[in-house]
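Enquirer: Structure file my_file22.cif (mmCIF, C-alpha atoms) is given on the next line.
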data_data
#
loop_
_atom_site.label_atom_id
_atom_site.label_comp_id
_atom_site.auth_asym_id
_atom_site.auth_seq_id
_atom_site.Cartn_x
_atom_site.Cartn_y
_atom_site.Cartn_z
CA MET A 89 26.08 -39.94 -7.67
CA PRO A 90 29.59 -38.45 -7.41
CA LEU A 91 30.51 -35.40 -9.42
CA THR A 92 33.45 -35.86 -11.74
CA TYR A 93 35.73 -33.14 -13.03
CA LYS A 94 39.05 -33.00 -14.84
CA PHE A 95 42.43 -31.33 -14.71
CA LYS A 96 42.97 -28.45 -17.10
CA LYS A 97 46.26 -28.52 -19.01
CA GLU A 98 47.55 -24.95 -19.11
CA LYS A 99 50.45 -23.50 -21.09
CA LEU A 100 52.86 -21.30 -19.16
CA GLU A 101 54.79 -18.27 -20.36
CA ASP A 102 58.00 -20.33 -20.73
CA GLY A 103 56.24 -22.82 -23.03
CA SER A 104 55.93 -25.60 -20.45
CA TYR A 105 52.60 -27.04 -19.29
CA VAL A 106 50.93 -27.63 -15.94
CA SER A 107 47.68 -29.41 -15.05
CA ARG A 108 45.35 -27.72 -12.60
CA PRO A 109 42.25 -29.16 -10.95
CA ARG A 110 39.43 -26.91 -12.15
CA ILE A 111 35.93 -27.57 -10.85
CA LEU A 112 32.84 -26.19 -12.55
CA ILE A 113 30.78 -24.17 -10.08
CA THR A 114 28.15 -21.50 -10.04
CA LEU A 115 28.98 -18.75 -7.58
CA LYS A 116 25.78 -17.09 -6.38
CA GLY A 117 25.47 -13.55 -5.11
CA SER A 118 22.55 -11.28 -4.25
CA LYS A 119 22.66 -9.56 -7.68
CA ALA A 120 23.82 -12.27 -10.05
CA SER A 121 25.59 -15.57 -10.39
CA ILE A 122 28.46 -16.70 -12.57
CA ASP A 123 29.60 -20.07 -13.85
CA ILE A 124 33.31 -20.49 -13.40
CA PRO A 125 35.92 -23.28 -13.32
CA ALA A 126 37.39 -22.75 -9.83
CA LEU A 127 40.70 -24.11 -8.62
CA ILE A 128 40.34 -26.71 -5.85
CA ASP A 129 43.18 -26.40 -3.32
CA CYS A 130 43.51 -28.63 -0.26
CA GLY A 131 46.35 -26.36 0.90
CA ALA A 132 44.07 -23.33 1.21
CA ASP A 133 42.36 -23.03 4.59
CA THR A 134 39.42 -21.11 3.14
CA SER A 135 37.99 -20.26 -0.26
CA VAL A 136 39.06 -16.96 -1.83
CA ILE A 137 37.14 -14.75 -4.23
CA PRO A 138 38.55 -11.70 -6.08
CA ASN A 139 36.94 -8.41 -5.06
CA LYS A 140 35.73 -7.51 -8.55
CA ILE A 141 33.80 -10.77 -8.85
CA ALA A 142 32.34 -10.32 -5.36
CA LYS A 143 31.13 -6.83 -6.26
CA ALA A 144 29.82 -7.87 -9.69
CA ILE A 145 27.57 -10.57 -8.26
CA GLY A 146 26.68 -8.84 -5.00
CA LEU A 147 28.58 -10.59 -2.22
CA SER A 148 28.98 -8.62 1.00
CA THR A 149 32.42 -7.09 1.45
CA GLN A 150 31.61 -5.55 4.83
CA GLY A 151 32.93 -8.39 6.98
CA GLU A 152 35.86 -8.57 9.35
CA LYS A 153 39.14 -7.50 7.78
CA THR A 154 42.04 -9.91 8.01
CA LYS A 155 45.02 -11.15 6.00
CA ILE A 156 45.89 -14.36 4.21
CA TYR A 157 49.46 -15.51 3.95
CA THR A 158 50.86 -17.32 0.96
CA TYR A 159 54.43 -18.08 -0.01
CA LEU A 160 56.45 -14.93 0.86
CA GLU A 161 53.53 -12.54 0.76
CA SER A 162 50.28 -11.52 2.42
CA THR A 163 47.01 -10.20 1.00
CA ASP A 164 44.27 -8.08 2.59
CA VAL A 165 40.91 -9.84 2.68
CA VAL A 166 37.50 -9.58 4.34
CA ARG A 167 35.44 -12.45 5.67
CA SER A 168 32.14 -13.17 3.91
CA LYS A 169 29.77 -16.01 3.03
CA ALA A 170 28.82 -17.37 -0.38
CA SER A 171 26.72 -20.03 -2.05
CA PHE A 172 28.21 -22.47 -4.51
CA ILE A 173 26.55 -24.89 -6.90
CA PHE A 174 28.84 -27.73 -7.91
CA ILE A 175 27.66 -28.42 -11.44
CA GLY A 176 27.35 -31.96 -12.70
CA ARG A 177 27.03 -33.23 -16.24
CA ALA A 178 23.28 -33.59 -15.60
CA MET A 179 21.51 -30.83 -13.67
CA ARG A 180 20.05 -33.35 -11.22
CA GLU A 181 23.59 -34.25 -10.15
CA SER A 182 24.43 -30.68 -9.13
CA VAL A 183 24.96 -29.93 -5.43
CA THR A 184 24.32 -26.59 -3.71
CA LEU A 185 26.24 -25.48 -0.64
CA ASP A 186 24.96 -22.32 1.04
CA ASN A 187 26.53 -20.03 3.59
CA ILE A 188 30.08 -21.21 2.97
CA PRO A 189 32.83 -19.09 4.59
CA VAL A 190 34.92 -17.23 2.04
CA LEU A 191 37.59 -14.56 2.02
CA ILE A 192 37.30 -11.71 -0.45
CA ASP A 193 40.61 -10.43 -1.79
CA THR A 194 40.24 -6.67 -1.45
CA SER A 195 43.63 -5.81 -2.89
CA ASP A 196 42.20 -5.21 -6.39
CA ARG A 197 45.68 -5.80 -7.74
CA ASP A 198 46.01 -6.62 -11.40
CA ASP A 199 48.96 -9.00 -11.61
CA GLY A 200 47.18 -11.74 -13.50
CA GLU A 201 46.99 -14.12 -10.55
CA GLN A 202 43.49 -13.53 -9.21
CA GLU A 203 40.99 -16.35 -9.47
CA ILE A 204 38.48 -18.26 -7.39
CA ILE A 205 40.12 -20.80 -5.09
CA LEU A 206 38.08 -23.42 -3.26
CA GLY A 207 39.71 -24.16 0.08
CA VAL A 208 39.10 -26.63 2.88
CA ASP A 209 36.64 -24.82 5.14
CA GLY A 210 33.06 -25.67 4.21
CA ILE A 211 34.02 -27.52 1.02
CA PHE A 212 36.08 -30.48 2.21
CA ASP A 213 33.58 -30.99 5.07
CA ASN A 214 30.83 -31.56 2.55
CA PHE A 215 32.65 -33.66 -0.03
CA ASP A 216 35.10 -36.52 0.06
CA ILE A 217 37.40 -35.47 -2.76
CA THR A 218 39.63 -37.88 -4.65
CA PHE A 219 42.31 -36.68 -7.04
CA LYS A 220 43.22 -39.23 -9.72
CA LYS A 221 45.77 -37.42 -11.82
CA SER A 222 46.78 -40.56 -13.73
CA LYS A 223 43.17 -40.97 -14.88
CA ASN A 224 42.57 -37.22 -15.24
CA LYS A 225 39.70 -37.31 -12.76
CA ILE A 226 38.70 -35.40 -9.66
CA ILE A 227 35.81 -37.08 -7.90
CA PHE A 228 33.53 -35.24 -5.48
CA LYS A 229 31.43 -37.53 -3.30
CA ARG A 230 28.84 -35.76 -1.15
CA VAL A 231 29.16 -36.27 2.61
CA LEU A 232 25.61 -36.42 3.89
CA LYS A 233 26.39 -36.19 7.58
CA VAL A 234 29.22 -33.89 8.56
CA ASP A 235 31.11 -35.10 11.64
CA TYR A 236 33.28 -32.37 13.18
CA ARG A 237 34.85 -34.56 15.91
CA MET B 46 24.73 -25.40 -21.70
CA THR B 47 27.55 -24.56 -19.32
CA TYR B 48 28.85 -28.10 -18.72
CA SER B 49 29.54 -28.58 -22.42
CA ASP B 50 31.33 -25.23 -22.45
CA TYR B 51 33.37 -26.46 -19.45
CA GLU B 52 34.32 -29.62 -21.35
CA TRP B 53 35.26 -27.51 -24.37
CA TYR B 54 37.30 -25.16 -22.18
CA LEU B 55 39.25 -28.08 -20.70
CA GLU B 56 40.47 -29.06 -24.15
CA GLN B 57 41.43 -25.58 -25.38
CA ASP B 58 44.78 -23.84 -25.48
CA LEU B 59 43.73 -20.37 -24.39
CA SER B 60 47.28 -19.08 -23.93
CA GLU B 61 46.66 -16.23 -26.40
CA TYR B 62 44.48 -14.75 -23.63
CA ALA B 63 47.14 -15.11 -20.93
CA GLY B 64 46.58 -12.83 -17.97
CA LYS B 65 43.04 -12.03 -19.07
CA TRP B 66 39.55 -13.07 -18.09
CA VAL B 67 37.48 -14.63 -20.85
CA ALA B 68 33.77 -15.31 -21.36
CA ILE B 69 32.86 -18.51 -23.20
CA ILE B 70 29.47 -19.12 -24.78
CA ASP B 71 28.54 -22.05 -27.00
CA LYS B 72 32.17 -23.17 -27.26
CA HIS B 73 33.47 -19.78 -28.36
CA VAL B 74 35.44 -17.10 -26.53
CA VAL B 75 33.08 -14.16 -26.94
CA ARG B 76 34.90 -11.57 -24.83
CA SER B 77 38.22 -11.10 -23.10
CA GLY B 78 39.91 -8.45 -20.99
CA LYS B 79 41.66 -7.56 -17.75
CA ASP B 80 38.59 -6.31 -15.90
CA VAL B 81 36.35 -9.21 -14.91
CA SER B 82 33.44 -7.00 -13.82
CA MET B 83 33.42 -5.39 -17.28
CA ILE B 84 33.54 -8.82 -18.94
CA ILE B 85 30.55 -10.01 -16.89
CA GLU B 86 28.55 -6.84 -17.56
CA GLU B 87 29.27 -6.58 -21.29
CA THR B 88 28.64 -10.26 -21.92
CA LYS B 89 25.30 -10.02 -20.12
CA LYS B 90 24.33 -7.03 -22.31
CA THR B 91 25.35 -8.70 -25.57
CA TYR B 92 23.99 -12.15 -24.72
CA PRO B 93 21.12 -11.55 -22.26
CA ASN B 94 19.72 -15.06 -22.63
CA LYS B 95 22.99 -16.96 -22.34
CA LYS B 96 24.98 -18.01 -19.31
CA PRO B 97 28.68 -17.56 -20.05
CA LEU B 98 31.50 -19.52 -18.53
CA ILE B 99 33.86 -16.96 -17.00
CA THR B 100 37.48 -17.91 -16.42
CA LYS B 101 40.93 -16.48 -15.86
CA VAL B 102 43.71 -17.62 -18.17
CA LYS B 103 46.86 -18.00 -16.11
CA ASN B 104 50.29 -18.57 -17.59
CA ARG B 105 52.60 -18.39 -14.61
CA LEU B 106 53.96 -21.21 -12.53
CA SER B 107 52.40 -20.77 -9.10
CA ILE B 108 52.08 -22.17 -5.64
CA LEU B 109 49.33 -21.07 -3.32
#
Mind converting the file's structure to structure tokens?
Expert:
Amino acid sequence: MPLTYKFKKEKLEDGSYVSRPRILITLKGSKASIDIPALIDCGADTSVIPNKIAKAIGLSTQGEKTKIYTYLESTDVVRSKASFIFIGRAMRESVTLDNIPVLIDTSDRDDGEQEIILGVDGIFDNFDITFKKSKNKIIFKRVLKVDYR
Amino acid sequence: MTYSDYEWYLEQDLSEYAGKWVAIIDKHVVRSGKDVSMIIEETKKTYPNKKPLITKVKNRLSIL
């Protein structure tokens, strides 16, 4: 059964509104796990996790150092792996993905922009994802056999 | 039940917490602040048998 999520209407500082696709996941680490509505982003090559969350739940931050590049700026990150549970309305619908490549944002900056972003690598291989903004639905359909051709 | 907290969260205007992380339990914001590790730790201490929904409240127009 597909997992269904919704867009979150969010008020901006200038009083206008945007709708962002926020997916309910559990992010699992070696020490703890947290439930969090993560942003799904088909423009992000890889998923990104803020350093403080990685440390709080016990994700390794000892991986290869690299950088990610966004519009006009770059951020220091390290490569790591994480497990995600995509939570469904009923527990039996939930889907676990282990050993997914992630980048941990080590900048520890506090500019209000840090959050968990789910990118293409490891996520879009495992789900066919349909965005239906007009119906306020984001549908995740599990791909049972991943074909990398 | 986290999914019901997620559904509640989707319907809320949380702009009073802009720029902060919040912890939601049983359809209530129980803690907020700038330091997410502190939010996780303090919420766990206060509500050891509950699983909070942790989220960042953003209020800036952004592209990734």
Enquirer: With the cut-off set at 8 Å and counting all atoms listed in the file, tabulate each residue of chain B with an atom at most that distance from an atom of chain A, showing the nearest atom pair and its distance in Å to one decimal, ordered by chain and increasing number, as a Markdown table.
Expert:
| residue | atom | partner | partner_atom | distance |
| --- | --- | --- | --- | --- |
| B:Thr47 | CA | A:Asp123 | CA | 7.4 |
| B:Tyr48 | CA | A:Arg177 | CA | 6.0 |
| B:Tyr51 | CA | A:Leu112 | CA | 6.9 |
| B:Leu55 | CA | A:Lys96 | CA | 5.2 |
| B:Glu56 | CA | A:Lys96 | CA | 7.5 |
| B:Asp58 | CA | A:Glu98 | CA | 7.0 |
| B:Leu59 | CA | A:Glu98 | CA | 8.0 |
| B:Ser60 | CA | A:Lys99 | CA | 6.1 |
| B:Gly64 | CA | A:Gly200 | CA | 4.6 |
| B:Lys65 | CA | A:Gly200 | CA | 6.9 |
| B:Lys79 | CA | A:Asp198 | CA | 7.8 |
| B:Asp80 | CA | A:Lys140 | CA | 8.0 |
| B:Val81 | CA | A:Lys140 | CA | 6.6 |
| B:Ser82 | CA | A:Ala144 | CA | 5.6 |
| B:Ile85 | CA | A:Ala144 | CA | 7.5 |
| B:Lys96 | CA | A:Asp123 | CA | 7.4 |
| B:Pro97 | CA | A:Asp123 | CA | 6.8 |
| B:Leu98 | CA | A:Asp123 | CA | 5.1 |
| B:Ile99 | CA | A:Ile124 | CA | 5.1 |
| B:Thr100 | CA | A:Ile124 | CA | 5.8 |
| B:Lys101 | CA | A:Glu203 | CA | 6.4 |
| B:Lys103 | CA | A:Glu201 | CA | 6.8 |
| B:Asn104 | CA | A:Leu100 | CA | 4.1 |
| B:Arg105 | CA | A:Leu100 | CA | 5.4 |
| B:Leu106 | CA | A:Leu100 | CA | 6.7 |
| B:Ile108 | CA | A:Tyr159 | CA | 7.3 |
| B:Leu109 | CA | A:Thr158 | CA | 5.9 |
Enquirer: Write the residues of the selection above to a file with C-alpha atoms, as a CSV table (one decimal), in the frame of the given file.
Expert:
chain,number,residue,atom,x,y,z
B,47,THR,CA,27.6,-24.6,-19.3
B,48,TYR,CA,28.8,-28.1,-18.7
B,51,TYR,CA,33.4,-26.5,-19.4
B,55,LEU,CA,39.2,-28.1,-20.7
B,56,GLU,CA,40.5,-29.1,-24.2
B,58,ASP,CA,44.8,-23.8,-25.5
B,59,LEU,CA,43.7,-20.4,-24.4
B,60,SER,CA,47.3,-19.1,-23.9
B,64,GLY,CA,46.6,-12.8,-18.0
B,65,LYS,CA,43.0,-12.0,-19.1
B,79,LYS,CA,41.7,-7.6,-17.8
B,80,ASP,CA,38.6,-6.3,-15.9
B,81,VAL,CA,36.4,-9.2,-14.9
B,82,SER,CA,33.4,-7.0,-13.8
B,85,ILE,CA,30.6,-10.0,-16.9
B,96,LYS,CA,25.0,-18.0,-19.3
B,97,PRO,CA,28.7,-17.6,-20.0
B,98,LEU,CA,31.5,-19.5,-18.5
B,99,ILE,CA,33.9,-17.0,-17.0
B,100,THR,CA,37.5,-17.9,-16.4
B,101,LYS,CA,40.9,-16.5,-15.9
B,103,LYS,CA,46.9,-18.0,-16.1
B,104,ASN,CA,50.3,-18.6,-17.6
B,105,ARG,CA,52.6,-18.4,-14.6
B,106,LEU,CA,54.0,-21.2,-12.5
B,108,ILE,CA,52.1,-22.2,-5.6
B,109,LEU,CA,49.3,-21.1,-3.3
Enquirer: Which residues are close to B:Thr88, i.e. within 8 Å by all atoms listed in the file, leaving aside same-chain residues fewer than 6 positions away? Reply as a count of residues only.
Expert: 4
Enquirer: Could you jot down the atom CA of B:Ser77 to atom CA of B:Tyr62 separation for me, Å, one decimal place?
Expert: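 If I compute the distance from atom CA of B:Ser77 to atom CA of B:Tyr62, I get 7.3 Å.
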Enquirer: Quote the spacing between atom CA of A:Ser162 and atom CA of A:Pro189 in Å to one decimal place.
Expert: 19.1 Å
Enquirer: Determine the residue membership of the PyMOL selection byres ((chain A and resi 185) around 9) for the file above and supply it as a list in words.
Expert: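 For this structure, the PyMOL selection byres ((chain A and resi 185) around 9) resolves to Ala170, Ser171, Phe172, Ile173, Phe174, Val183, Thr184, Asp186, Asn187, Ile188, Gly210, Ile211 and Asn214 of chain A.
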Enquirer: Which residue is closest to A:Asp196? Choose from A:Glu181, A:Asp216, A:Asp209, A:Asp164 and count only C-alpha atoms.
Expert: A:Asp164
Enquirer: Nearest to A:Ser168 among A:Ser107, A:Ser148, A:Ser182, A:Asn224, with distances taken over only C-alpha atoms: which residue is it?
Expert: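 Going through A:Ser107, A:Ser148, A:Ser182, A:Asn224 one by one, the smallest distance to A:Ser168 is for A:Ser148.
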Enquirer: In Å to one decimal, how far is atom CA of A:Gly117 from atom CA of A:Leu147?
Expert: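 It comes out at 5.2 Å.
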Enquirer: Taking all atoms listed in the file into account, name the residue in A:Arg180, A:Lys169, A:Lys229, A:Lys116 that is nearest to A:Glu152.
Expert: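 Once distances to A:Glu152 are computed over all atoms listed in the file, the minimum belongs to A:Lys169.
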Enquirer: Counting all atoms listed in the file, find the residues whose atoms lie at most 9 Å from (45.1, -12.2, 1.4) (file coordinates) and write them out as a PDB file with C-alpha atoms, in the coordinates of the input.
Expert:
ATOM      1  CA  VAL A 136      39.060 -16.960  -1.830  1.00  0.00           C
ATOM      2  CA  THR A 154      42.040  -9.910   8.010  1.00  0.00           C
ATOM      3  CA  LYS A 155      45.020 -11.150   6.000  1.00  0.00           C
ATOM      4  CA  ILE A 156      45.890 -14.360   4.210  1.00  0.00           C
ATOM      5  CA  TYR A 157      49.460 -15.510   3.950  1.00  0.00           C
ATOM      6  CA  THR A 158      50.860 -17.320   0.960  1.00  0.00           C
ATOM      7  CA  GLU A 161      53.530 -12.540   0.760  1.00  0.00           C
ATOM      8  CA  SER A 162      50.280 -11.520   2.420  1.00  0.00           C
ATOM      9  CA  THR A 163      47.010 -10.200   1.000  1.00  0.00           C
ATOM     10  CA  ASP A 164      44.270  -8.080   2.590  1.00  0.00           C
ATOM     11  CA  VAL A 165      40.910  -9.840   2.680  1.00  0.00           C
ATOM     12  CA  VAL A 166      37.500  -9.580   4.340  1.00  0.00           C
ATOM     13  CA  LEU A 191      37.590 -14.560   2.020  1.00  0.00           C
ATOM     14  CA  ILE A 192      37.300 -11.710  -0.450  1.00  0.00           C
ATOM     15  CA  ASP A 193      40.610 -10.430  -1.790  1.00  0.00           C
ATOM     16  CA  THR A 194      40.240  -6.670  -1.450  1.00  0.00           C
ATOM     17  CA  SER A 195      43.630  -5.810  -2.890  1.00  0.00           C
TER      18      SER A 195
END
Enquirer: Would you mind putting N, CA and C atoms back on stretch 167-185 of chain A and writing the result as a JSON list (two decimals), in the frame of the given file?
Expert:
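Written out: part21.json:
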[["chain", "number", "residue", "atom", "x", "y", "z"],
["A", 167, "ARG", "N", 36.21, -11.21, 5.54],
["A", 167, "ARG", "CA", 35.44, -12.45, 5.67],
["A", 167, "ARG", "C", 34.03, -12.23, 5.12],
["A", 168, "SER", "N", 33.49, -13.25, 4.44],
["A", 168, "SER", "CA", 32.14, -13.17, 3.91],
["A", 168, "SER", "C", 31.57, -14.59, 3.81],
["A", 169, "LYS", "N", 30.40, -14.69, 3.26],
["A", 169, "LYS", "CA", 29.77, -16.01, 3.03],
["A", 169, "LYS", "C", 29.29, -16.05, 1.59],
["A", 170, "ALA", "N", 29.27, -17.24, 1.01],
["A", 170, "ALA", "CA", 28.82, -17.37, -0.38],
["A", 170, "ALA", "C", 28.11, -18.70, -0.57],
["A", 171, "SER", "N", 27.36, -18.77, -1.66],
["A", 171, "SER", "CA", 26.72, -20.03, -2.05],
["A", 171, "SER", "C", 27.37, -20.54, -3.33],
["A", 172, "PHE", "N", 27.61, -21.83, -3.34],
["A", 172, "PHE", "CA", 28.21, -22.47, -4.51],
["A", 172, "PHE", "C", 27.29, -23.58, -5.01],
["A", 173, "ILE", "N", 27.16, -23.69, -6.31],
["A", 173, "ILE", "CA", 26.55, -24.89, -6.90],
["A", 173, "ILE", "C", 27.65, -25.64, -7.61],
["A", 174, "PHE", "N", 27.87, -26.88, -7.22],
["A", 174, "PHE", "CA", 28.84, -27.73, -7.91],
["A", 174, "PHE", "C", 28.09, -28.41, -9.05],
["A", 175, "ILE", "N", 28.45, -28.03, -10.27],
["A", 175, "ILE", "CA", 27.66, -28.42, -11.44],
["A", 175, "ILE", "C", 28.09, -29.79, -11.95],
["A", 176, "GLY", "N", 27.11, -30.64, -12.13],
["A", 176, "GLY", "CA", 27.35, -31.96, -12.70],
["A", 176, "GLY", "C", 26.98, -31.99, -14.17],
["A", 177, "ARG", "N", 27.34, -33.09, -14.81],
["A", 177, "ARG", "CA", 27.03, -33.23, -16.24],
["A", 177, "ARG", "C", 25.51, -33.12, -16.45],
["A", 178, "ALA", "N", 24.73, -33.74, -15.57],
["A", 178, "ALA", "CA", 23.28, -33.59, -15.60],
["A", 178, "ALA", "C", 22.88, -32.66, -14.45],
["A", 179, "MET", "N", 21.90, -31.81, -14.69],
["A", 179, "MET", "CA", 21.51, -30.83, -13.67],
["A", 179, "MET", "C", 21.12, -31.49, -12.36],
["A", 180, "ARG", "N", 20.50, -32.68, -12.43],
["A", 180, "ARG", "CA", 20.05, -33.35, -11.22],
["A", 180, "ARG", "C", 21.23, -33.78, -10.33],
["A", 181, "GLU", "N", 22.41, -33.85, -10.92],
["A", 181, "GLU", "CA", 23.59, -34.25, -10.15],
["A", 181, "GLU", "C", 24.18, -33.08, -9.37],
["A", 182, "SER", "N", 23.80, -31.86, -9.72],
["A", 182, "SER", "CA", 24.43, -30.68, -9.13],
["A", 182, "SER", "C", 24.12, -30.58, -7.63],
["A", 183, "VAL", "N", 25.08, -30.03, -6.89],
["A", 183, "VAL", "CA", 24.96, -29.93, -5.43],
["A", 183, "VAL", "C", 25.15, -28.48, -5.01],
["A", 184, "THR", "N", 24.23, -27.98, -4.19],
["A", 184, "THR", "CA", 24.32, -26.59, -3.71],
["A", 184, "THR", "C", 24.81, -26.57, -2.27],
["A", 185, "LEU", "N", 25.78, -25.72, -2.02],
["A", 185, "LEU", "CA", 26.24, -25.48, -0.64],
["A", 185, "LEU", "C", 26.02, -24.00, -0.35]]
